[in-house]
file run-v7.cif (mmCIF, C-alpha atoms)
data_my_file
#
loop_
_atom_site.label_atom_id
_atom_site.label_comp_id
_atom_site.auth_asym_id
_atom_site.auth_seq_id
_atom_site.Cartn_x
_atom_site.Cartn_y
_atom_site.Cartn_z
CA MET A 710 -26.57 -3.09 1.60
CA HIS A 711 -24.59 0.08 1.84
CA THR A 712 -26.30 3.44 1.47
CA PHE A 713 -25.64 5.63 -1.49
CA SER A 714 -25.84 9.34 -1.87
CA VAL A 715 -26.65 11.55 -4.80
CA LEU A 716 -25.52 15.10 -5.54
CA VAL A 717 -27.62 17.25 -7.88
CA VAL A 718 -25.98 20.30 -9.46
CA ASP A 719 -28.19 22.70 -11.40
CA ASP A 720 -28.59 26.47 -11.44
CA GLU A 721 -32.36 26.20 -12.02
CA LYS A 722 -33.73 26.34 -8.53
CA ASP A 723 -37.18 24.93 -9.27
CA PHE A 724 -35.79 21.96 -11.10
CA LEU A 725 -33.24 21.34 -8.38
CA GLU A 726 -35.87 21.36 -5.65
CA THR A 727 -38.14 18.99 -7.55
CA VAL A 728 -35.41 16.46 -8.22
CA VAL A 729 -34.16 16.58 -4.65
CA LYS A 730 -37.70 16.04 -3.35
CA ARG A 731 -38.38 13.15 -5.71
CA LEU A 732 -35.17 11.38 -4.77
CA GLU A 733 -35.83 11.91 -1.08
CA GLN A 734 -39.24 10.30 -1.55
CA ARG A 735 -37.37 7.25 -2.74
CA LYS A 736 -35.32 7.25 0.45
CA ILE A 737 -32.19 8.26 -1.38
CA ASN A 738 -29.74 10.41 0.50
CA VAL A 739 -29.57 13.53 -1.70
CA THR A 740 -27.87 16.93 -1.66
CA GLY A 741 -28.70 19.74 -4.09
CA VAL A 742 -26.47 22.69 -5.03
CA GLY A 743 -26.80 25.52 -7.53
CA SER A 744 -23.29 25.81 -8.96
CA GLY A 745 -20.14 23.90 -9.89
CA GLU A 746 -18.23 25.71 -7.17
CA ASP A 747 -20.73 24.61 -4.51
CA ALA A 748 -20.56 21.08 -5.86
CA LEU A 749 -16.80 20.98 -5.33
CA GLU A 750 -17.29 22.13 -1.74
CA GLN A 751 -19.62 19.17 -1.21
CA LEU A 752 -17.16 16.76 -2.82
CA LYS A 753 -14.52 17.77 -0.31
CA LYS A 754 -16.83 16.82 2.54
CA LYS A 755 -18.47 13.66 1.37
CA GLU A 756 -18.34 10.77 -1.08
CA PHE A 757 -21.19 10.53 -3.61
CA SER A 758 -22.34 7.52 -5.60
CA VAL A 759 -24.08 9.46 -8.34
CA ILE A 760 -23.76 13.09 -9.40
CA ILE A 761 -26.39 14.71 -11.62
CA LEU A 762 -24.78 17.67 -13.32
CA ASP A 763 -26.17 20.36 -15.63
CA VAL A 764 -23.63 20.97 -18.41
CA LYS A 765 -24.71 24.56 -18.95
CA MET A 766 -24.48 26.72 -15.89
CA PRO A 767 -24.10 30.33 -16.89
CA GLY A 768 -21.81 32.53 -14.86
CA GLY A 769 -19.50 30.21 -13.05
CA MET A 770 -17.69 27.01 -13.82
CA ASP A 771 -19.17 25.10 -16.75
CA GLY A 772 -20.28 21.49 -16.56
CA ILE A 773 -17.33 19.96 -18.42
CA GLU A 774 -14.86 21.76 -16.21
CA ALA A 775 -16.80 20.58 -13.16
CA LEU A 776 -16.87 17.03 -14.57
CA ARG A 777 -13.09 16.98 -14.99
CA ILE A 778 -12.62 18.04 -11.38
CA ILE A 779 -15.25 15.58 -10.13
CA LYS A 780 -13.51 12.71 -11.94
CA LYS A 781 -10.24 13.74 -10.34
CA MET A 782 -11.68 14.10 -6.83
CA GLN A 783 -14.10 11.15 -6.88
CA PRO A 784 -13.33 8.93 -9.86
CA ARG A 785 -15.78 6.28 -8.72
CA ALA A 786 -18.80 8.57 -8.72
CA GLU A 787 -21.07 8.02 -11.73
CA VAL A 788 -21.96 11.33 -13.38
CA ILE A 789 -25.21 11.89 -15.29
CA LEU A 790 -25.18 15.02 -17.44
CA LEU A 791 -28.24 17.17 -18.02
CA THR A 792 -28.20 18.83 -21.38
CA GLY A 793 -30.26 20.90 -23.80
CA HIS A 794 -30.56 19.95 -27.48
CA ALA A 795 -27.96 22.58 -28.27
CA SER A 796 -25.37 21.07 -25.97
CA VAL A 797 -25.64 17.35 -26.74
CA GLU A 798 -22.18 17.49 -28.27
CA THR A 799 -20.80 18.79 -25.01
CA SER A 800 -22.40 15.85 -23.23
CA ILE A 801 -20.88 13.41 -25.70
CA GLU A 802 -17.53 15.03 -24.92
CA GLY A 803 -18.40 14.51 -21.26
CA MET A 804 -19.10 10.82 -21.79
CA LYS A 805 -15.69 10.47 -23.40
CA LEU A 806 -14.30 11.94 -20.19
CA GLY A 807 -16.06 9.21 -18.24
CA ALA A 808 -19.55 10.56 -17.53
CA PHE A 809 -22.00 7.67 -17.21
CA ASP A 810 -24.80 9.02 -19.40
CA TYR A 811 -26.80 12.11 -20.32
CA VAL A 812 -30.44 13.15 -20.12
CA LEU A 813 -32.07 15.75 -22.37
CA LYS A 814 -33.77 18.79 -20.89
CA PRO A 815 -36.64 19.28 -20.27
CA VAL A 816 -36.03 16.25 -18.11
CA LYS A 817 -38.72 13.66 -17.58
CA LEU A 818 -38.26 12.69 -13.97
CA GLU A 819 -38.93 9.05 -14.73
CA ASP A 820 -36.12 9.09 -17.28
CA LEU A 821 -33.75 10.67 -14.85
CA LEU A 822 -34.64 8.27 -12.05
CA ALA A 823 -34.16 5.33 -14.40
CA ARG A 824 -30.67 6.59 -15.25
CA VAL A 825 -29.88 7.06 -11.55
CA SER A 826 -30.94 3.46 -10.90
CA ALA A 827 -28.82 2.24 -13.79
CA ALA A 828 -25.81 4.14 -12.46
CA LEU A 829 -26.31 2.75 -8.97
CA LYS A 830 -26.70 -0.72 -10.38
CA ARG A 831 -23.41 -0.42 -12.21
CA LYS A 832 -21.73 0.67 -9.01
CA GLY A 833 -23.33 -2.19 -7.09
CA GLY A 834 -22.15 -4.54 -9.80
CA ASP A 835 -18.51 -3.74 -9.18
CA GLN A 836 -16.57 -6.83 -8.36
CA ASN A 837 -15.26 -5.59 -5.04
CA PRO A 838 -17.97 -3.39 -3.56
CA GLN A 839 -16.15 -3.12 -0.25
CA ALA A 840 -13.64 -0.82 -1.86
CA MET B 862 -17.41 -9.39 -32.12
CA ASP B 863 -15.50 -6.17 -31.62
CA SER B 864 -11.79 -6.63 -31.37
CA PHE B 865 -10.50 -6.45 -27.88
CA MET B 866 -7.18 -4.77 -27.08
CA VAL B 867 -5.39 -5.53 -23.84
CA LEU B 868 -2.20 -4.04 -22.43
CA ILE B 869 -0.27 -6.00 -19.79
CA VAL B 870 2.03 -3.97 -17.52
CA ASP B 871 4.28 -5.83 -15.11
CA ASP B 872 7.96 -5.60 -14.23
CA GLU B 873 8.16 -9.42 -14.26
CA LYS B 874 9.12 -10.04 -17.85
CA ASP B 875 8.24 -13.75 -17.77
CA PHE B 876 4.76 -13.06 -16.50
CA VAL B 877 4.18 -10.44 -19.21
CA GLU B 878 5.35 -12.79 -21.97
CA THR B 879 3.33 -15.76 -20.76
CA THR B 880 0.17 -13.75 -20.29
CA VAL B 881 0.44 -12.01 -23.65
CA ASN B 882 0.97 -15.36 -25.39
CA ARG B 883 -1.96 -16.97 -23.64
CA LEU B 884 -4.27 -14.09 -24.51
CA ILE B 885 -3.18 -14.15 -28.14
CA LYS B 886 -3.93 -17.88 -28.21
CA ARG B 887 -7.45 -16.99 -27.14
CA ASN B 888 -7.75 -14.50 -29.99
CA ILE B 889 -7.39 -11.46 -27.79
CA GLU B 890 -5.04 -8.80 -29.06
CA ALA B 891 -2.51 -8.26 -26.32
CA VAL B 892 0.65 -6.23 -25.92
CA GLY B 893 3.00 -6.23 -22.95
CA VAL B 894 5.35 -3.69 -21.40
CA THR B 895 7.46 -3.86 -18.25
CA SER B 896 7.09 -0.39 -16.75
CA GLY B 897 4.51 2.27 -16.01
CA GLU B 898 6.42 4.77 -18.11
CA GLU B 899 6.28 2.52 -21.18
CA ALA B 900 2.59 1.88 -20.56
CA LEU B 901 1.81 5.61 -20.59
CA GLU B 902 3.81 6.11 -23.80
CA LEU B 903 1.89 3.33 -25.47
CA VAL B 904 -1.63 4.39 -24.39
CA LYS B 905 -0.97 7.81 -25.88
CA LYS B 906 -0.38 6.16 -29.27
CA ARG B 907 -2.88 3.30 -29.25
CA LEU B 908 -6.37 2.64 -28.02
CA PHE B 909 -6.69 -0.15 -25.47
CA ASP B 910 -9.89 -1.48 -23.94
CA VAL B 911 -8.37 -2.92 -20.79
CA VAL B 912 -5.04 -2.44 -19.04
CA VAL B 913 -3.90 -5.17 -16.65
CA MET B 914 -1.29 -3.69 -14.37
CA ASP B 915 0.87 -4.74 -11.46
CA ILE B 916 0.63 -2.43 -8.48
CA LYS B 917 4.20 -3.00 -7.35
CA MET B 918 6.82 -2.14 -9.92
CA PRO B 919 10.02 -1.29 -8.11
CA GLY B 920 12.41 1.13 -9.68
CA GLY B 921 10.01 3.23 -11.72
CA MET B 922 6.46 4.50 -11.50
CA ASP B 923 4.28 2.27 -9.35
CA GLY B 924 0.87 1.00 -10.42
CA ILE B 925 -1.12 3.62 -8.54
CA GLU B 926 0.88 6.50 -9.96
CA THR B 927 0.57 5.03 -13.45
CA LEU B 928 -3.17 4.51 -12.93
CA ARG B 929 -3.65 8.18 -12.04
CA GLU B 930 -1.84 9.34 -15.20
CA LEU B 931 -3.51 6.75 -17.38
CA LYS B 932 -6.99 7.83 -16.30
CA LYS B 933 -6.05 11.39 -17.23
CA ILE B 934 -4.96 10.34 -20.73
CA ARG B 935 -7.69 7.72 -21.35
CA PRO B 936 -10.55 8.08 -18.89
CA LEU B 937 -12.54 5.26 -20.49
CA VAL B 938 -9.91 2.53 -20.35
CA GLU B 939 -10.75 -0.12 -17.75
CA VAL B 940 -7.90 -1.07 -15.45
CA LEU B 941 -7.40 -4.39 -13.66
CA LEU B 942 -4.79 -4.25 -10.92
CA LEU B 943 -2.55 -7.17 -10.02
CA THR B 944 -1.65 -7.38 -6.39
CA GLY B 945 0.03 -9.56 -3.80
CA HIS B 946 -1.62 -10.35 -0.46
CA ALA B 947 0.43 -7.64 1.16
CA SER B 948 -0.86 -4.91 -1.11
CA VAL B 949 -4.61 -5.56 -1.22
CA GLU B 950 -5.20 -2.27 0.54
CA THR B 951 -3.34 -0.46 -2.19
CA SER B 952 -5.64 -2.11 -4.71
CA ILE B 953 -8.65 -0.83 -2.89
CA GLU B 954 -7.05 2.60 -3.05
CA GLY B 955 -6.66 1.96 -6.78
CA MET B 956 -10.33 1.14 -7.16
CA LYS B 957 -11.20 4.43 -5.51
CA LEU B 958 -9.09 6.02 -8.23
CA GLY B 959 -11.23 4.35 -10.86
CA ALA B 960 -9.66 0.92 -11.41
CA PHE B 961 -12.31 -1.62 -12.37
CA ASP B 962 -11.14 -4.50 -10.21
CA TYR B 963 -8.10 -6.29 -8.85
CA LEU B 964 -6.66 -9.79 -9.06
CA LEU B 965 -4.52 -11.54 -6.49
CA LYS B 966 -1.17 -12.90 -7.60
CA PRO B 967 -0.45 -15.62 -8.62
CA VAL B 968 -3.14 -14.98 -11.24
CA SER B 969 -5.02 -17.90 -12.73
CA MET B 970 -5.76 -17.56 -16.44
CA GLU B 971 -9.36 -18.50 -15.82
CA GLU B 972 -9.90 -15.73 -13.33
CA LEU B 973 -8.13 -13.24 -15.55
CA MET B 974 -10.40 -14.18 -18.47
CA VAL B 975 -13.55 -13.72 -16.37
CA LYS B 976 -12.49 -10.29 -15.14
CA LEU B 977 -11.29 -9.22 -18.57
CA GLY B 978 -14.72 -10.19 -19.86
CA HIS B 979 -16.50 -8.04 -17.29
CA ALA B 980 -14.21 -5.10 -17.90
CA PHE B 981 -14.66 -5.34 -21.65
CA GLU B 982 -18.42 -5.57 -21.28
CA LYS B 983 -18.52 -2.37 -19.24
CA LYS B 984 -16.23 -0.58 -21.69
CA SER B 985 -18.19 -1.60 -24.76
CA GLU B 986 -21.54 -0.69 -23.18
CA HIS B 987 -20.20 2.79 -22.60
CA ASP B 988 -18.70 3.09 -26.10
CA GLN B 989 -22.04 2.06 -27.52
CA LYS B 990 -23.87 4.68 -25.47
CA ILE B 991 -21.56 7.35 -26.89
CA ARG B 992 -22.09 6.10 -30.45
CA LYS B 993 -25.87 6.12 -30.00
CA ALA B 994 -25.81 9.63 -28.56
CA LYS B 995 -23.78 10.85 -31.55
CA ILE B 996 -26.14 9.25 -34.07
CA LYS B 997 -29.22 10.61 -32.31
CA ASP B 998 -27.71 14.07 -32.25
CA LEU B 999 -26.76 13.95 -35.94
CA MET B 1000 -30.19 12.71 -36.94
CA ARG B 1001 -31.88 15.73 -35.42
CA PHE B 1002 -30.33 17.97 -38.07
CA PRO B 1003 -29.43 15.75 -41.01
CA GLY B 1004 -28.50 18.85 -42.95
CA ARG B 1005 -25.75 19.70 -40.56
CA VAL B 1006 -23.57 16.81 -41.70
CA ILE B 1007 -23.74 18.01 -45.28
CA THR B 1008 -23.02 21.58 -44.28
CA GLN B 1009 -19.97 20.43 -42.42
CA ASP B 1010 -18.84 18.44 -45.45
CA LYS B 1011 -19.10 21.53 -47.64
CA ASP B 1012 -16.77 23.31 -45.30
CA LEU B 1013 -14.09 20.74 -45.95
#
call {"tool": "encode", "arguments": {"input": "run-v7.cif", "output": "structure tokens"}}
result
Amino acid sequence: MHTFSVLVVDDEKDFLETVVKRLEQRKINVTGVGSGEDALEQLKKKEFSVIILDVKMPGGMDGIEALRIIKKMQPRAEVILLTGHASVETSIEGMKLGAFDYVLKPVKLEDLLARVSAALKRKGGDQNPQA
Amino acid sequence: MDSFMVLIVDDEKDFVETTVNRLIKRNIEAVGVTSGEEALELVKKRLFDVVVMDIKMPGGMDGIETLRELKKIRPLVEVLLLTGHASVETSIEGMKLGAFDYLLKPVSMEELMVKLGHAFEKKSEHDQKIRKAKIKDLMRFPGRVITQDKDL
């Protein structure tokens, strides 16, 4: 089996730390960053299997913009969007751009982990995983 | 069953015609074109579920270039690449760019049908997820739909 790695992008530090810790507990190789810009830096260095991305990140690059760039840089990465009730429409837009799924905030970790597993499963299910 | 739209892109005219005919016989809606440029024109106008595309198309845009543009126009379309033994590596490059899978030429109809099935399954699962998300979102504020209608 090949290893997979997950990138978590969220400006809420507490949330970010919790998710990173929980994924690490499951022996998943995980990186956490606090902005879209930092995420792009990571994408230049490394290939990720799954990217968890907050759609609303005040200040810098927004989630949809980041998603577009992610899909250009690493089209094979499955992106899971984190969204508030007010921004579900943005997430639907994101899914039309190829995001794998979305999870409503406040996020139940179990929900999120289930989505990550589903995304990894879809990747593993590709017909030519050596690619 | 949902209708299933397939676009075949190959510079070999005979192959395009035969494949389109065979798919139509199996009740799959299929259209064929013989260049990447034509394919891009067509996907702008119509919605396809799966595009089956030759990697090597001498003279015009090659498959990889077309794939890049196609994914920009229609990120959710699934792409199956057709490749000769000599260009398998290019196909793997194509999969990194988001192609769903590749098929070695000469392509057997059986194999094509299996891979089309998988690609369609993935596409329709995703379409369904989007539909569900939309419905869920609308149901949170049923009034919003009406308000929007009044605006019209």
call {"tool": "residues_around", "arguments": {"input": "run-v7.cif", "residues": "Ala775 in chain A", "least_positions_apart": "2", "cutoff": "12 Å", "atoms": "all atoms listed in the file", "output": "number ranges by chain"}}
result
A: 718-719, 744-750, 752, 760-766, 769-773, 777-783, 788, 790, 803, 806, 808
call {"tool": "closest_atom_pairs", "arguments": {"input": "run-v7.cif", "of": "chain B", "to": "chain A", "cutoff": "10 Å", "atoms": "all atoms listed in the file", "output": "CSV"}}
result
residue,atom,partner,partner_atom,distance
B:Arg929,CA,A:Lys781,CA,8.8
B:Lys932,CA,A:Lys781,CA,9.0
B:Lys933,CA,A:Lys781,CA,8.4
B:Ile934,CA,A:Leu806,CA,9.5
B:Arg935,CA,A:Leu806,CA,7.9
B:Pro936,CA,A:Leu806,CA,5.5
B:Leu937,CA,A:Gly807,CA,5.7
B:Val938,CA,A:Gly807,CA,9.3
B:Glu950,CA,A:Ala840,CA,8.9
B:Ser952,CA,A:Ala840,CA,8.6
B:Ile953,CA,A:Ala840,CA,5.1
B:Glu954,CA,A:Ala840,CA,7.5
B:Gly955,CA,A:Ala840,CA,9.0
B:Met956,CA,A:Ala840,CA,6.5
B:Lys957,CA,A:Arg785,CA,5.9
B:Leu958,CA,A:Pro784,CA,5.4
B:Gly959,CA,A:Pro784,CA,5.1
B:Ala960,CA,A:Arg785,CA,8.6
B:Phe961,CA,A:Asp835,CA,7.3
B:Asp962,CA,A:Gln836,CA,6.2
B:Tyr963,CA,A:Asn837,CA,8.1
B:Lys976,CA,A:Gln836,CA,8.6
B:His979,CA,A:Gln836,CA,9.0
B:Ala980,CA,A:Asp835,CA,9.8
B:Lys983,CA,A:Arg831,CA,8.8
B:His987,CA,A:Phe809,CA,7.5
B:Asp988,CA,A:Lys805,CA,8.4
B:Lys990,CA,A:Asp810,CA,7.5
B:Ile991,CA,A:Ile801,CA,6.2
B:Arg992,CA,A:Ile801,CA,8.8
B:Lys993,CA,A:Ile801,CA,9.8
B:Ala994,CA,A:Ile801,CA,6.8
B:Lys995,CA,A:Ile801,CA,7.0
B:Lys997,CA,A:Val797,CA,9.4
B:Asp998,CA,A:Val797,CA,6.7
B:Leu999,CA,A:Glu798,CA,9.6
B:Arg1001,CA,A:His794,CA,9.1
call {"tool": "atom_distance", "arguments": {"input": "run-v7.cif", "atom1": "CA of Val894 in chain B", "atom2": "CA of Asp871 in chain B"}}
result
6.7 Å
call {"tool": "atom_distance", "arguments": {"input": "run-v7.cif", "atom1": "CA of Glu926 in chain B", "atom2": "CA of Phe909 in chain B"}}
result
18.5 Å
call {"tool": "resolve_selection", "arguments": {"input": "run-v7.cif", "expression": "the PyMOL selection byres ((chain A and resi 829) around 10)", "output": "number ranges by chain"}}
result
A: 713-715, 758-759, 786-787, 823-828, 830-834
call {"tool": "resolve_selection", "arguments": {"input": "run-v7.cif", "expression": "the PyMOL selection byres ((chain B and resi 904) around 12)", "output": "VMD selection string"}}
result
chain B and resid 866 to 870 892 to 894 897 to 903 905 to 912 927 to 928 930 to 938
call {"tool": "resolve_selection", "arguments": {"input": "run-v7.cif", "expression": "the PyMOL selection byres ((chain B and resi 915-922) around 6)", "output": "list in words"}}
result
Asp871, Asp872, Gly897, Met914, Asp923, Gly924, Leu942, Leu943 and Thr944 of chain B
call {"tool": "atom_distance", "arguments": {"input": "run-v7.cif", "atom1": "CA of Glu819 in chain A", "atom2": "CA of Met1000 in chain B"}}
result
24.1 Å
call {"tool": "residues_around", "arguments": {"input": "run-v7.cif", "residues": "Thr880 in chain B", "least_positions_apart": "4", "cutoff": "9 Å", "atoms": "all atoms listed in the file", "output": "NGL selection string"}}
result
:B and (869 or 875-876 or 884-885 or 891 or 893 or 970)
